[in-house]
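Right, one structure below, let's go through it.
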Amino acid sequence: MRREPRNDSAIVLRQLHYGESDLIVSLLSSDYGLLRGFARGGRKSVKRFGSALEPFTQIRIRWQPGRGDLISLLDADIVASCRGLRQSLESLALAGYAVELLEMLLQEGEAQPQMYSLLQGYLNYLAVQGAPALARLLFELRLVQQLGYIPHLLHCSECFVQFDAGEIVFDPSRGGSLCAVCAAGGDGLHVGLGTLGSLSRSLRTPIGQFDEFHFGTRTLNEGAAMLSLVLESILPRAPKSLRFLQQTTAPDEP
Ligand SMILES: [Zn+2]
């Protein structure tokens, strides 16, 4: 069987030391989605890999199918190292959190060009000290939207009436936003129409764009609460990285 080498853009999600000098890396590639690759000599071969296999690095890879699920990485070149992520513990924690969400929610072996653009834009934005709360909210929102959740923001999930004023109840277990009539008696989160409008508008921008958004404190807070409800309802367990992230964002003791 011929095994032609393939080229692809990829982002390193995680690396695992294997034996004396090899590495196993998880990648999100543009054309092939989630991949796990074996890099022979990955820890020592400066010529073939250099520091290209560090987590969160954007690379061009040449690879071929290997044994079982693991592809065999032939070489890798750095496109962007995102070194700026390492200047802030919070940015680093946010990068790790996004990677864990993708690994929990994406299927292996499916092309993920949109998710690739999303992660790339997010890491690039965090690497230049972008606003952490905004980055996290936009990432989570676009991720769940791509996966087909919360299709209903600006109209009621159940009776489809368009909202034009007032408080709206958001309940992901019932499809998203609910009008006062449909929400009566149930629980859910009360959010402002302004928040839903801002989130909805942000979904009409390119998926990898993170700069030039101006969300107010209310939108950031309500949006964060909405997205944690959505994620709780779709994740099989709480992400491990969430704890570290919460520690890095804990408000300073007075
Ligand atoms: Zn309704």
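Just so we're on the same page: first chain in the structure tokens is A, next is B, and so on; residues restart at 1 for each chain, and ligands are numbered from 1 in the order they show up.
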
Problem set entry | Neighbourhood of ligand 1 at 8 Å, counting only C-alpha atoms and all ligand atoms, reported as a PyMOL selection string | chain A and resi 155-161+178-183

For this session: Considering only C-alpha atoms, return as a list of chain:residue names whatever protein or nucleic-acid residues lie within 8 Å of Ala135 of chain A, sequence-local ones (same chain, fewer than 4 positions apart) excluded.
Result: A:Tyr122, A:Tyr125, A:Leu126, A:Gly130, A:Ala131, A:Phe139, A:Phe210

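With only C-alpha atoms taken into account, the protein and nucleic acid residues at most 12 Å from Glu4 of chain A (excluding it and anything under 5 positions from it in its own chain) are Arg62, Trp63, Gln64, Pro65, Gly66, Ser72 and Leu74 of chain A.
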
Mind dumping the selected residues with C-alpha atoms as a compact mmCIF listing (two decimals), in the first residue's frame?
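Generated output (out17.txt):
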```txt
# COMPACT_ATOMS: atom_id res chain seq x y z
CA ARG A 62 3.99 16.61 6.76
CA TRP A 63 2.62 13.27 7.83
CA GLN A 64 1.53 9.87 6.66
CA PRO A 65 -0.89 7.32 8.05
CA GLY A 66 0.80 5.23 10.69
CA SER A 72 3.31 9.36 11.70
CA LEU A 74 7.54 13.37 9.30
```

For this session: Tell me, as number ranges by chain, which residues lie within 7 Å of segment 215-228 of chain A, counting only C-alpha atoms; anything in the same chain fewer than 5 positions away does not count.
Result: A: 133-134, 137, 140-141, 191, 195

Written file, previous selection with C-alpha atoms, as a PDB file, in the first residue's frame:
```
ATOM      1  CA  ALA A 133     -13.321  37.375  29.568  1.00  0.00           C
ATOM      2  CA  LEU A 134     -14.205  38.429  26.027  1.00  0.00           C
ATOM      3  CA  LEU A 137     -17.111  34.125  25.929  1.00  0.00           C
ATOM      4  CA  GLU A 140     -17.502  29.204  24.026  1.00  0.00           C
ATOM      5  CA  LEU A 141     -20.371  30.830  22.151  1.00  0.00           C
ATOM      6  CA  VAL A 191     -30.861  37.918  30.765  1.00  0.00           C
ATOM      7  CA  THR A 195     -26.962  40.737  25.883  1.00  0.00           C
TER       8      THR A 195
END
```

For this session: Name the residues in contact with Ile71 of chain A at a cut-off of 10 Å, using only C-alpha atoms, excluding same-chain residues fewer than 6 positions from it; report them as number ranges by chain.
Result: A: 24-25, 35-39, 63-65

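Separating atom CA of Gln107 of chain A from atom CA of Ser233 of chain A is a distance of 18.0 Å.
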
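If you measure from each of A:His152, A:His17, A:His214, A:Arg237 to Leu196 of chain A using only C-alpha atoms, the closest one turns out to be A:His152.
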
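When the distance limit is 8 Å and only C-alpha atoms are what count, the residues near Leu235 of chain A, minus those fewer than 3 positions from it on the same chain, are A:Met104, A:Leu105, A:Leu231, A:Glu232, A:Ala238.
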
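Residue nearest Gly121 of chain A, chosen from A:Glu103, A:Arg243, A:Leu138, A:Phe49 and counting only C-alpha atoms: A:Leu138.
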
Exercise. Could you pull out the strand (DSSP E) residues of segment 53-201 of chain A from DSSP and send them as an MDAnalysis selection string?
Worked result: chainID A and resid 58:65 70:80 167:171 176:178 189:192

Take the residues that were just selected and, keeping C-alpha atoms, output them as a PDB file, in the first residue's frame.
```
ATOM      1  CA  GLN A  58       0.615  26.636  14.888  1.00  0.00           C
ATOM      2  CA  ILE A  59       2.530  24.501  12.436  1.00  0.00           C
ATOM      3  CA  ARG A  60       2.693  23.096   8.934  1.00  0.00           C
ATOM      4  CA  ILE A  61       3.042  19.346   9.150  1.00  0.00           C
ATOM      5  CA  ARG A  62       3.993  16.613   6.765  1.00  0.00           C
ATOM      6  CA  TRP A  63       2.618  13.271   7.826  1.00  0.00           C
ATOM      7  CA  GLN A  64       1.526   9.867   6.660  1.00  0.00           C
ATOM      8  CA  PRO A  65      -0.890   7.322   8.054  1.00  0.00           C
ATOM      9  CA  LEU A  70      -1.684   7.335  15.246  1.00  0.00           C
ATOM     10  CA  ILE A  71      -0.408   9.210  12.225  1.00  0.00           C
ATOM     11  CA  SER A  72       3.307   9.355  11.702  1.00  0.00           C
ATOM     12  CA  LEU A  73       4.715  12.893  11.751  1.00  0.00           C
ATOM     13  CA  LEU A  74       7.541  13.367   9.302  1.00  0.00           C
ATOM     14  CA  ASP A  75       8.389  16.997  10.026  1.00  0.00           C
ATOM     15  CA  ALA A  76       6.863  20.228  11.256  1.00  0.00           C
ATOM     16  CA  ASP A  77       7.543  23.931  10.697  1.00  0.00           C
ATOM     17  CA  ILE A  78       6.396  26.699  12.987  1.00  0.00           C
ATOM     18  CA  VAL A  79       3.914  29.193  11.528  1.00  0.00           C
ATOM     19  CA  ALA A  80       3.190  31.010  14.811  1.00  0.00           C
ATOM     20  CA  GLU A 167     -36.229  40.406  30.340  1.00  0.00           C
ATOM     21  CA  ILE A 168     -35.791  37.103  28.667  1.00  0.00           C
ATOM     22  CA  VAL A 169     -35.356  33.719  30.292  1.00  0.00           C
ATOM     23  CA  PHE A 170     -32.585  31.514  28.981  1.00  0.00           C
ATOM     24  CA  ASP A 171     -32.824  27.779  29.558  1.00  0.00           C
ATOM     25  CA  GLY A 176     -32.362  28.611  24.613  1.00  0.00           C
ATOM     26  CA  SER A 177     -34.327  31.831  25.040  1.00  0.00           C
ATOM     27  CA  LEU A 178     -37.941  31.795  26.224  1.00  0.00           C
ATOM     28  CA  LEU A 189     -31.477  32.476  33.786  1.00  0.00           C
ATOM     29  CA  HIS A 190     -32.823  36.001  33.387  1.00  0.00           C
ATOM     30  CA  VAL A 191     -30.861  37.918  30.765  1.00  0.00           C
ATOM     31  CA  GLY A 192     -31.255  41.261  29.064  1.00  0.00           C
TER      32      GLY A 192
END
```

Problem set entry | helix (DSSP H, G or I) call set, DSSP backbone run, segment 10-250 of chain A, as a PyMOL selection string | chain A and resi 83-87+89-105+113-127+132-146+172-174+180-183+193-202+217-234+241-249

Problem set entry | Point-to-point distance in Å for atom CA of Leu106 of chain A and atom CA of Arg40 of chain A | 26.2 Å
